[in-house]
>>> print(open('target_29.cif').read())   # mmCIF, C-alpha atoms
data_protein
#
loop_
_atom_site.label_atom_id
_atom_site.label_comp_id
_atom_site.auth_asym_id
_atom_site.auth_seq_id
_atom_site.Cartn_x
_atom_site.Cartn_y
_atom_site.Cartn_z
CA MET A 216 0.00 0.00 0.00
CA PRO A 217 1.67 3.28 -1.08
CA TYR A 218 1.83 6.38 1.01
CA LYS A 219 -1.04 8.73 0.19
CA PRO A 220 -0.71 12.52 0.11
CA LYS A 221 -2.58 14.61 2.60
CA TYR A 222 -3.23 18.16 1.52
CA LEU A 223 -2.29 20.80 4.05
CA SER A 224 -2.72 24.53 4.31
CA PRO A 225 0.41 26.53 3.27
CA GLY A 226 1.17 27.41 6.87
CA ASN A 227 0.93 23.84 8.11
CA ALA A 228 2.93 22.53 5.16
CA LYS A 229 5.77 24.97 5.84
CA SER A 230 5.99 24.05 9.51
CA CYS A 231 5.76 20.37 8.66
CA VAL A 232 8.68 20.58 6.22
CA HIS A 233 10.73 22.45 8.78
CA SER A 234 9.99 19.90 11.50
CA GLN A 235 10.76 16.97 9.20
CA THR A 236 14.13 18.52 8.28
CA THR A 237 14.90 18.99 11.97
CA ILE A 238 13.85 15.42 12.71
CA PHE A 239 16.07 14.12 9.93
CA ALA A 240 19.05 16.08 11.25
CA LEU A 241 18.64 14.52 14.70
CA VAL A 242 17.67 10.99 13.73
CA ALA A 243 20.01 10.51 10.80
CA SER A 244 23.06 12.37 12.13
CA PRO A 245 25.06 9.17 12.90
CA TRP A 246 24.61 7.99 9.29
CA GLU A 247 24.65 11.30 7.41
CA LYS A 248 28.01 10.49 5.77
CA LEU A 249 26.73 7.14 4.54
CA LEU A 250 23.29 8.27 3.39
CA PRO A 251 23.09 12.03 2.88
CA GLU A 252 19.66 13.60 3.21
CA LYS A 253 19.58 14.76 -0.43
CA LEU A 254 20.34 11.25 -1.65
CA VAL A 255 17.54 9.67 0.38
CA HIS A 256 15.07 12.33 -0.79
CA SER A 257 16.11 11.80 -4.42
CA ARG A 258 15.49 8.06 -4.16
CA ILE A 259 12.05 8.69 -2.67
CA ALA A 260 11.28 11.12 -5.51
CA ASN A 261 12.50 8.64 -8.15
CA GLU A 262 10.20 5.97 -6.74
CA LYS A 263 7.34 8.50 -6.78
CA ILE A 264 6.51 7.71 -3.18
CA THR A 265 3.72 9.85 -1.77
CA TYR A 266 2.85 9.91 1.91
CA TYR A 267 0.85 11.47 4.67
CA GLN A 268 2.43 14.48 6.31
CA SER A 269 2.50 12.68 9.62
CA ILE A 270 5.16 11.68 12.11
CA TYR A 271 6.12 8.46 10.33
CA THR A 272 7.09 9.70 6.88
CA PRO A 273 9.32 7.43 4.75
CA ILE A 274 12.42 9.30 5.99
CA VAL A 275 11.56 8.95 9.67
CA THR A 276 10.40 5.35 9.24
CA LEU A 277 13.61 4.43 7.42
CA TRP A 278 15.89 5.73 10.16
CA ALA A 279 13.70 4.26 12.87
CA MET A 280 14.15 0.87 11.19
CA VAL A 281 17.92 1.34 10.93
CA SER A 282 18.20 2.22 14.61
CA GLN A 283 15.94 -0.71 15.50
CA VAL A 284 18.16 -3.19 13.63
CA LEU A 285 21.37 -1.82 15.13
CA SER A 286 20.04 -1.65 18.69
CA PRO A 287 20.57 -4.57 21.12
CA ASP A 288 16.87 -4.28 21.95
CA LYS A 289 15.12 -4.74 18.60
CA SER A 290 11.57 -4.53 19.91
CA LEU A 291 8.99 -2.22 18.34
CA SER A 292 8.31 -0.56 21.68
CA GLN A 293 11.96 0.40 22.13
CA ALA A 294 12.09 1.79 18.58
CA VAL A 295 9.06 3.98 19.30
CA LYS A 296 10.65 5.19 22.55
CA ARG A 297 13.77 6.26 20.65
CA MET A 298 11.60 8.08 18.12
CA SER A 299 9.77 9.86 20.93
CA THR A 300 13.09 11.02 22.40
CA TRP A 301 14.32 12.30 19.03
CA LEU A 302 11.07 14.08 18.23
CA SER A 303 10.89 15.71 21.66
CA ALA A 304 14.43 17.01 21.15
CA ALA A 305 13.34 18.41 17.78
CA GLY A 306 10.47 20.26 19.41
CA VAL A 307 7.88 18.04 17.73
CA LYS A 308 5.03 16.38 19.56
CA PRO A 309 6.09 12.73 20.01
CA PRO A 310 3.88 9.91 18.79
CA SER A 311 1.81 7.68 21.01
CA SER A 312 3.64 4.90 22.82
CA ASP A 313 1.42 2.47 20.89
CA THR A 314 3.51 0.64 18.29
CA GLY A 315 0.67 0.25 15.79
CA ALA A 316 1.39 3.40 13.77
CA TYR A 317 5.09 2.60 13.43
CA SER A 318 4.35 -1.01 12.51
CA LYS A 319 1.97 0.09 9.74
CA ALA A 320 4.52 2.64 8.50
CA ARG A 321 7.15 -0.09 8.17
CA LYS A 322 4.78 -2.19 6.07
CA ARG A 323 4.08 0.78 3.77
CA LEU A 324 7.78 1.49 3.21
CA PRO A 325 8.61 0.06 -0.25
CA SER A 326 11.20 -2.69 -0.10
CA LYS A 327 12.60 -1.41 -3.41
CA LEU A 328 13.69 1.81 -1.70
CA VAL A 329 15.62 -0.12 0.96
CA GLN A 330 17.20 -2.33 -1.71
CA GLN A 331 18.50 0.72 -3.58
CA LEU A 332 20.14 2.12 -0.46
CA VAL A 333 22.03 -1.10 0.43
CA PRO A 334 24.84 -0.82 -2.20
CA ILE A 335 25.12 2.92 -1.59
CA VAL A 336 25.91 2.31 2.08
CA ALA A 337 28.41 -0.41 1.17
CA GLU A 338 30.30 1.93 -1.17
CA ALA A 339 30.28 4.76 1.35
CA LEU A 340 31.73 2.47 4.05
CA GLU A 341 34.50 1.21 1.79
CA ALA A 342 35.36 4.77 0.75
CA GLN A 343 36.25 5.54 4.39
CA VAL A 344 38.76 2.68 4.61
CA PRO A 345 42.34 3.35 3.42
CA ILE A 346 43.26 1.42 0.28
CA GLU A 347 46.25 -0.01 2.17
CA GLN A 348 43.83 -2.20 4.12
CA GLN A 349 42.59 -3.89 0.96
CA TRP A 350 44.12 -7.21 -0.09
CA CYS A 351 46.91 -6.30 -2.54
CA GLY A 352 44.96 -3.15 -3.38
CA ARG A 353 41.96 -5.18 -4.54
CA ARG A 354 38.41 -5.43 -3.25
CA VAL A 355 37.45 -8.83 -1.86
CA ARG A 356 33.83 -9.95 -2.00
CA VAL A 357 32.42 -12.94 -0.14
CA LEU A 358 29.46 -14.88 -1.52
CA ASP A 359 27.34 -17.21 0.58
CA GLY A 360 23.81 -18.50 0.88
CA THR A 361 21.49 -19.20 3.79
CA THR A 362 17.82 -19.65 4.67
CA VAL A 363 15.61 -17.65 7.01
CA LEU A 364 12.26 -18.32 8.64
CA MET A 365 9.55 -15.76 7.96
CA SER A 366 6.31 -14.72 9.63
CA ASP A 367 3.60 -17.29 9.08
CA THR A 368 1.28 -15.21 6.91
CA ALA A 369 -0.73 -16.22 3.86
CA ALA A 370 1.30 -13.86 1.64
CA ASN A 371 4.62 -15.30 2.83
CA GLN A 372 3.38 -18.87 2.47
CA ALA A 373 2.33 -18.12 -1.10
CA GLU A 374 5.70 -16.62 -2.13
CA TYR A 375 8.04 -18.53 0.19
CA PRO A 376 6.32 -21.87 0.93
CA GLN A 377 7.33 -23.90 3.94
CA HIS A 378 9.33 -27.11 3.55
CA SER A 379 7.46 -29.75 1.56
CA ASN A 380 8.07 -32.34 4.31
CA GLN A 381 5.98 -30.31 6.74
CA LYS A 382 2.21 -30.52 6.93
CA PRO A 383 0.22 -27.33 6.29
CA GLY A 384 0.00 -25.27 9.45
CA CYS A 385 2.96 -27.03 11.08
CA GLY A 386 5.80 -24.97 9.61
CA PHE A 387 6.94 -21.47 8.78
CA PRO A 388 7.61 -19.92 5.37
CA ILE A 389 11.26 -20.30 4.40
CA ALA A 390 13.17 -17.92 2.15
CA LYS A 391 16.51 -18.65 0.54
CA MET A 392 19.01 -15.79 0.50
CA VAL A 393 22.28 -15.30 -1.36
CA VAL A 394 24.42 -12.41 -0.14
CA LEU A 395 27.49 -10.72 -1.58
CA PHE A 396 29.30 -8.71 1.08
CA SER A 397 32.55 -6.83 1.51
CA LEU A 398 35.29 -8.69 3.37
CA LEU A 399 36.79 -5.34 4.37
CA THR A 400 33.74 -3.80 6.06
CA GLY A 401 31.24 -6.66 6.33
CA ALA A 402 28.62 -4.54 4.56
CA VAL A 403 26.17 -6.17 2.16
CA VAL A 404 26.88 -5.18 -1.44
CA SER A 405 24.07 -7.12 -3.09
CA ALA A 406 21.61 -9.83 -2.14
CA GLY A 407 18.93 -12.01 -3.65
CA ILE A 408 15.93 -13.66 -2.01
CA ALA A 409 13.73 -16.42 -3.41
CA SER A 410 11.75 -19.46 -2.36
CA LEU A 411 13.43 -22.51 -0.86
CA ALA A 412 13.00 -24.44 -4.13
CA SER A 413 15.19 -21.93 -6.02
CA SER A 414 18.77 -22.86 -6.90
CA GLU A 415 21.41 -21.04 -4.88
CA ILE A 416 23.81 -21.29 -7.83
CA VAL A 417 21.35 -19.68 -10.24
CA MET A 418 20.67 -16.87 -7.77
CA SER A 419 24.40 -16.31 -7.32
CA ARG A 420 25.05 -16.00 -11.03
CA LEU A 421 22.66 -13.07 -11.17
CA ILE A 422 24.73 -11.39 -8.44
CA TYR A 423 27.95 -11.75 -10.48
CA ALA A 424 26.76 -8.66 -12.37
CA ASN A 425 27.79 -6.61 -9.31
CA LEU A 426 31.45 -7.57 -9.75
CA VAL A 427 33.85 -5.15 -11.42
CA PRO A 428 37.28 -5.79 -12.94
CA GLU A 429 39.99 -6.63 -10.38
CA ASP A 430 37.47 -7.76 -7.77
CA VAL A 431 38.24 -11.02 -5.94
CA ILE A 432 35.30 -13.20 -4.92
CA LEU A 433 35.45 -15.90 -2.22
CA ALA A 434 32.97 -18.77 -1.93
CA ASP A 435 32.68 -22.37 -0.75
CA GLN A 436 32.94 -25.61 -2.74
CA ALA A 437 29.42 -25.32 -4.13
CA TYR A 438 30.87 -22.76 -6.55
CA GLY A 439 34.11 -24.60 -7.31
CA ASN A 440 33.09 -25.67 -10.79
CA TYR A 441 34.01 -24.85 -14.37
CA VAL A 442 30.97 -22.72 -15.18
CA ASP A 443 31.21 -20.36 -12.20
CA LEU A 444 34.95 -19.82 -12.60
CA VAL A 445 34.45 -18.84 -16.24
CA LEU A 446 31.49 -16.54 -15.51
CA VAL A 447 33.45 -14.67 -12.84
CA LYS A 448 36.47 -14.31 -15.13
CA GLU A 449 34.23 -12.87 -17.85
CA ARG A 450 33.49 -10.02 -15.45
CA GLY A 451 37.23 -9.27 -15.25
CA ALA A 452 37.32 -10.53 -11.66
CA ASP A 453 39.11 -13.46 -10.02
CA ALA A 454 37.48 -16.26 -8.07
CA VAL A 455 38.90 -18.09 -5.06
CA PHE A 456 36.65 -21.11 -4.55
CA ARG A 457 37.13 -24.34 -2.66
CA LYS A 458 37.35 -27.17 -5.18
CA ASN A 459 34.21 -29.22 -5.56
CA HIS A 460 34.58 -32.61 -3.91
CA LEU A 461 33.53 -34.41 -7.12
CA ARG A 462 36.53 -33.11 -9.07
CA LYS A 463 39.70 -35.19 -8.78
CA THR A 464 43.05 -33.50 -8.16
CA ASP A 465 46.46 -34.73 -9.25
CA PHE A 466 49.38 -32.43 -8.41
CA ARG A 467 51.70 -34.46 -10.65
CA ARG A 468 50.08 -32.82 -13.67
CA GLY A 469 50.01 -29.25 -14.92
CA LYS A 470 52.56 -26.44 -14.58
CA LYS A 471 54.14 -26.52 -11.14
CA LEU A 472 54.43 -23.15 -9.39
CA GLY A 473 55.46 -24.44 -5.97
CA ILE A 474 54.65 -27.10 -3.41
CA GLY A 475 50.92 -27.73 -3.61
CA ASP A 476 50.60 -24.99 -6.23
CA ARG A 477 50.08 -25.51 -9.95
CA LYS A 478 48.25 -24.37 -13.09
CA VAL A 479 46.07 -26.87 -14.90
CA VAL A 480 43.64 -26.88 -17.80
CA TRP A 481 40.01 -27.59 -17.02
CA ASN A 482 37.90 -28.76 -19.94
CA LYS A 483 34.33 -27.72 -20.50
CA PRO A 484 31.78 -30.28 -19.23
CA ARG A 485 30.24 -32.46 -21.87
CA GLN A 486 26.69 -31.99 -20.68
CA CYS A 487 24.87 -28.75 -20.07
CA PRO A 488 23.97 -28.29 -16.37
CA ASP A 489 20.27 -28.46 -15.52
CA HIS A 490 20.30 -24.88 -14.24
CA MET A 491 21.70 -23.43 -17.49
CA ASN A 492 20.19 -23.08 -20.96
CA ILE A 493 21.88 -24.46 -24.07
CA GLU A 494 22.72 -21.05 -25.58
CA GLU A 495 24.57 -19.91 -22.46
CA PHE A 496 26.40 -23.22 -22.19
CA GLU A 497 27.55 -23.21 -25.81
CA ALA A 498 28.92 -19.68 -25.39
CA LEU A 499 31.42 -20.89 -22.76
CA PRO A 500 35.03 -21.55 -23.87
CA SER A 501 36.08 -25.16 -24.48
CA SER A 502 38.84 -24.98 -21.85
CA PHE A 503 40.03 -22.77 -19.03
CA ILE A 504 43.30 -22.40 -17.09
CA VAL A 505 42.84 -22.78 -13.34
CA ARG A 506 45.35 -22.35 -10.53
CA GLU A 507 44.97 -25.07 -7.90
CA VAL A 508 46.48 -24.53 -4.47
CA CYS A 509 46.52 -26.95 -1.55
CA LEU A 510 46.63 -25.35 1.89
CA ARG A 511 46.57 -27.00 5.30
CA ILE A 512 44.67 -24.89 7.81
CA LYS A 513 45.13 -26.03 11.39
CA ARG A 514 42.99 -23.42 13.11
CA ARG A 515 39.50 -24.70 13.81
CA GLY A 516 36.69 -22.96 12.01
#
>>> encode(input="target_29.cif", output="structure tokens")
Amino acid sequence: MPYKPKYLSPGNAKSCVHSQTTIFALVASPWEKLLPEKLVHSRIANEKITYYQSIYTPIVTLWAMVSQVLSPDKSLSQAVKRMSTWLSAAGVKPPSSDTGAYSKARKRLPSKLVQQLVPIVAEALEAQVPIEQQWCGRRVRVLDGTTVLMSDTAANQAEYPQHSNQKPGCGFPIAKMVVLFSLLTGAVVSAGIASLASSEIVMSRLIYANLVPEDVILADQAYGNYVDLVLVKERGADAVFRKNHLRKTDFRRGKKLGIGDRKVVWNKPRQCPDHMNIEEFEALPSSFIVREVCLRIKRRG
């Protein structure tokens, strides 16, 4: 449900704009360098979001959500208390202690707006870190997948069905997530969410579009295959993946670079993977040079 405009008299509108600017300055001050006020307003304008001129505008709701996530106490009541403190300091009448209005405002906030702000925050965080802290002057991205339980609502069950082994009414909706984040700051650069039945590999290959030349991407053995190595290299980036357990390794072959370190030629699979169409598969090169390294890590975890 989009925010709906509420027409005000010129006097009320002027005071409302002034109070909202004051509220933003107080609420968003810790994150102003990461998400400047003009940038947030421009994204709201681009999405053509209209809203009531009330306490919980998209701007206020957004920062209330950010503070709620970062706070040790993530309850709605605590978030409303923080908002009341900020608004009182801004000289604005605080909202009711009832969490209903804030809860409804969160539901109205378009998820697309939040999604657009995620990579902007990631870039702003990395810009504050000296380049000397990067690995060999290169950005390192980490890719991984997970699942999350969601609220048991009809809408969530329809889009993210519960596990097929569970009887209706005995389980929660489950969403599969694939996240690309910065190893330097831990900030999320890009993410995808789909139903549990979706392939993590297919979701990840859509995220490869966020890689730029000279990036280095880390991932587990699920990605240690011919296709993913080639797709990452086509982006001008390098991949460091654990080798898939189904692929045999023989360090007596290939060009030796050191102990447990060599270059070998991987040949293109004969059969097209189930999660790839024929046109994409045929466009892949017939062979690919891969550097295989064997490391013994004694530290647990």
>>> atom_distance(input="target_29.cif", atom1="atom CA of Gly386 of chain A", atom2="atom CA of Asp367 of chain A")
8.0 Å
>>> atom_distance(input="target_29.cif", atom1="atom CA of Leu446 of chain A", atom2="atom CA of Met491 of chain A")
12.1 Å
>>> resolve_selection(input="target_29.cif", expression="the PyMOL selection byres ((chain A and resi 457) around 6)", output="PyMOL selection string")
chain A and resi 435-436+439+456+458
>>> closest_residue(input="target_29.cif", among="A:Ala279, A:Val445, A:Leu421, A:Met392", to="Lys296 of chain A", atoms="all atoms listed in the file")
A:Ala279
>>> atom_distance(input="target_29.cif", atom1="atom CA of Asp313 of chain A", atom2="atom CA of Pro287 of chain A")
20.4 Å
>>> closest_atom_pairs(input="target_29.cif", of="segment 421-449 of chain A", to="segment 342-353 of chain A", cutoff="9 Å", atoms="all atoms listed in the file", output="CSV")
residue,atom,partner,partner_atom,distance
A:Glu429,CA,A:Arg353,CA,6.3
A:Asp430,CA,A:Arg353,CA,6.1
A:Val431,CA,A:Arg353,CA,7.1
>>> closest_residue(input="target_29.cif", among="A:Gly306, A:Gly407, A:Pro500, A:Pro428", to="Gln330 of chain A", atoms="only C-alpha atoms")
A:Gly407
>>> residues_around(input="target_29.cif", residues="segment 470-474 of chain A", least_positions_apart="4", cutoff="12 Å", atoms="all atoms listed in the file", output="list in words")
Asp465, Phe466, Lys478, Val479, Val480, Ile504, Val505, Arg506, Glu507, Val508, Cys509, Leu510 and Arg511 of chain A
>>> write_last_selection(input="target_29.cif", atoms="C-alpha atoms", output="PDB file, in the frame of the given file")
ATOM      1  CA  ASP A 465      46.460 -34.730  -9.250  1.00  0.00           C
ATOM      2  CA  PHE A 466      49.380 -32.430  -8.410  1.00  0.00           C
ATOM      3  CA  LYS A 478      48.250 -24.370 -13.090  1.00  0.00           C
ATOM      4  CA  VAL A 479      46.070 -26.870 -14.900  1.00  0.00           C
ATOM      5  CA  VAL A 480      43.640 -26.880 -17.800  1.00  0.00           C
ATOM      6  CA  ILE A 504      43.300 -22.400 -17.090  1.00  0.00           C
ATOM      7  CA  VAL A 505      42.840 -22.780 -13.340  1.00  0.00           C
ATOM      8  CA  ARG A 506      45.350 -22.350 -10.530  1.00  0.00           C
ATOM      9  CA  GLU A 507      44.970 -25.070  -7.900  1.00  0.00           C
ATOM     10  CA  VAL A 508      46.480 -24.530  -4.470  1.00  0.00           C
ATOM     11  CA  CYS A 509      46.520 -26.950  -1.550  1.00  0.00           C
ATOM     12  CA  LEU A 510      46.630 -25.350   1.890  1.00  0.00           C
ATOM     13  CA  ARG A 511      46.570 -27.000   5.300  1.00  0.00           C
TER      14      ARG A 511
END
>>> resolve_selection(input="target_29.cif", expression="the PyMOL selection byres ((chain A and resi 454) around 7)", output="ChimeraX atom specification")
/A:431-433,444,447,452-453,455-456
>>> closest_residue(input="target_29.cif", among="A:Ala424, A:Val295, A:Ile274, A:Ala390", to="Ile408 of chain A", atoms="only C-alpha atoms")
A:Ala390
>>> closest_residue(input="target_29.cif", among="A:Thr400, A:Leu328, A:Val417, A:Gln283", to="Asn492 of chain A", atoms="all atoms listed in the file")
A:Val417
>>> axis_aligned_box(input="target_29.cif", around="segment 283-298 of chain A", padding_each_side="8 Å", output="lines of an AutoDock Vina configuration file")
center_x = 14.8
center_y = 1.7
center_z = 18.1
size_x = 29.1
size_y = 28.8
size_z = 24.9
>>> closest_residue(input="target_29.cif", among="A:Asn482, A:Ala406, A:Tyr441, A:Thr314", to="Gln293 of chain A", atoms="only C-alpha atoms")
A:Thr314
>>> resolve_selection(input="target_29.cif", expression="the PyMOL selection byres ((chain A and resi 425) around 9)", output="JSON, numbers by chain")
{"A": [395, 404, 405, 421, 422, 423, 424, 426, 427]}
>>> closest_residue(input="target_29.cif", among="A:Phe503, A:Phe496, A:Tyr271, A:Phe396", to="Val336 of chain A", atoms="all atoms listed in the file")
A:Phe396
>>> build_atoms(input="target_29.cif", residues="segment 321-332 of chain A", atoms="all heavy atoms", output="short mmCIF file (atom, residue, chain, number, x, y, z; two decimals), keeping the file's coordinate frame")
data_model
loop_
_atom_site.label_atom_id
_atom_site.label_comp_id
_atom_site.auth_asym_id
_atom_site.auth_seq_id
_atom_site.Cartn_x
_atom_site.Cartn_y
_atom_site.Cartn_z
N ARG A 321 6.12 0.83 8.68
CA ARG A 321 7.15 -0.09 8.17
C ARG A 321 6.61 -0.92 7.02
O ARG A 321 7.31 -1.17 6.02
CB ARG A 321 7.65 -1.01 9.28
CG ARG A 321 8.46 -0.35 10.35
CD ARG A 321 9.27 -1.36 11.12
NE ARG A 321 8.53 -2.59 11.40
CZ ARG A 321 9.08 -3.70 11.87
NH1 ARG A 321 10.37 -3.73 12.12
NH2 ARG A 321 8.35 -4.76 12.13
N LYS A 322 5.37 -1.37 7.13
CA LYS A 322 4.78 -2.19 6.07
C LYS A 322 4.58 -1.37 4.80
O LYS A 322 4.67 -1.91 3.69
CB LYS A 322 3.44 -2.76 6.54
CG LYS A 322 3.55 -3.80 7.65
CD LYS A 322 2.19 -4.33 8.03
CE LYS A 322 2.29 -5.38 9.13
NZ LYS A 322 0.95 -5.89 9.54
N ARG A 323 4.31 -0.07 4.95
CA ARG A 323 4.08 0.78 3.77
C ARG A 323 5.38 1.17 3.08
O ARG A 323 5.38 1.54 1.91
CB ARG A 323 3.33 2.06 4.17
CG ARG A 323 1.90 1.83 4.61
CD ARG A 323 1.13 3.15 4.63
NE ARG A 323 1.74 4.12 5.53
CZ ARG A 323 1.36 4.30 6.79
NH1 ARG A 323 0.40 3.57 7.31
NH2 ARG A 323 1.96 5.22 7.53
N LEU A 324 6.51 1.08 3.80
CA LEU A 324 7.78 1.49 3.21
C LEU A 324 8.17 0.52 2.10
O LEU A 324 8.34 -0.68 2.35
CB LEU A 324 8.87 1.52 4.29
CG LEU A 324 10.18 2.21 3.90
CD1 LEU A 324 9.94 3.71 3.73
CD2 LEU A 324 11.25 1.98 4.96
N PRO A 325 8.31 0.97 0.86
CA PRO A 325 8.61 0.06 -0.25
C PRO A 325 9.95 -0.64 -0.07
O PRO A 325 10.96 0.01 0.24
CB PRO A 325 8.64 1.00 -1.48
CG PRO A 325 7.89 2.22 -1.05
CD PRO A 325 8.14 2.36 0.41
N SER A 326 9.95 -1.93 -0.23
CA SER A 326 11.20 -2.69 -0.10
C SER A 326 12.21 -2.28 -1.18
O SER A 326 13.42 -2.37 -0.97
CB SER A 326 10.92 -4.19 -0.19
OG SER A 326 10.31 -4.51 -1.42
N LYS A 327 11.71 -1.82 -2.32
CA LYS A 327 12.60 -1.41 -3.41
C LYS A 327 13.46 -0.23 -2.99
O LYS A 327 14.63 -0.13 -3.40
CB LYS A 327 11.78 -1.05 -4.64
CG LYS A 327 12.61 -0.87 -5.90
CD LYS A 327 11.72 -0.66 -7.12
CE LYS A 327 12.57 -0.50 -8.38
NZ LYS A 327 11.72 -0.29 -9.58
N LEU A 328 12.92 0.66 -2.18
CA LEU A 328 13.69 1.81 -1.70
C LEU A 328 14.85 1.34 -0.84
O LEU A 328 16.00 1.79 -1.01
CB LEU A 328 12.79 2.75 -0.90
CG LEU A 328 13.49 3.89 -0.15
CD1 LEU A 328 14.15 4.85 -1.15
CD2 LEU A 328 12.50 4.64 0.74
N VAL A 329 14.57 0.41 0.09
CA VAL A 329 15.62 -0.12 0.96
C VAL A 329 16.68 -0.84 0.14
O VAL A 329 17.89 -0.70 0.39
CB VAL A 329 15.01 -1.05 2.01
CG1 VAL A 329 16.10 -1.61 2.92
CG2 VAL A 329 13.96 -0.32 2.84
N GLN A 330 16.26 -1.60 -0.86
CA GLN A 330 17.20 -2.33 -1.71
C GLN A 330 18.15 -1.39 -2.44
O GLN A 330 19.33 -1.69 -2.61
CB GLN A 330 16.43 -3.19 -2.71
CG GLN A 330 15.67 -4.34 -2.08
CD GLN A 330 14.73 -5.02 -3.05
OE1 GLN A 330 14.65 -4.65 -4.21
NE2 GLN A 330 14.03 -6.03 -2.57
N GLN A 331 17.66 -0.24 -2.87
CA GLN A 331 18.50 0.72 -3.58
C GLN A 331 19.54 1.35 -2.67
O GLN A 331 20.63 1.73 -3.13
CB GLN A 331 17.63 1.81 -4.21
CG GLN A 331 16.77 1.34 -5.36
CD GLN A 331 15.96 2.48 -5.96
OE1 GLN A 331 16.09 3.63 -5.55
NE2 GLN A 331 15.11 2.16 -6.92
N LEU A 332 19.22 1.46 -1.39
CA LEU A 332 20.14 2.12 -0.46
C LEU A 332 21.24 1.19 0.03
O LEU A 332 22.28 1.66 0.49
CB LEU A 332 19.35 2.65 0.74
CG LEU A 332 18.28 3.71 0.42
CD1 LEU A 332 17.55 4.12 1.69
CD2 LEU A 332 18.90 4.93 -0.25
#
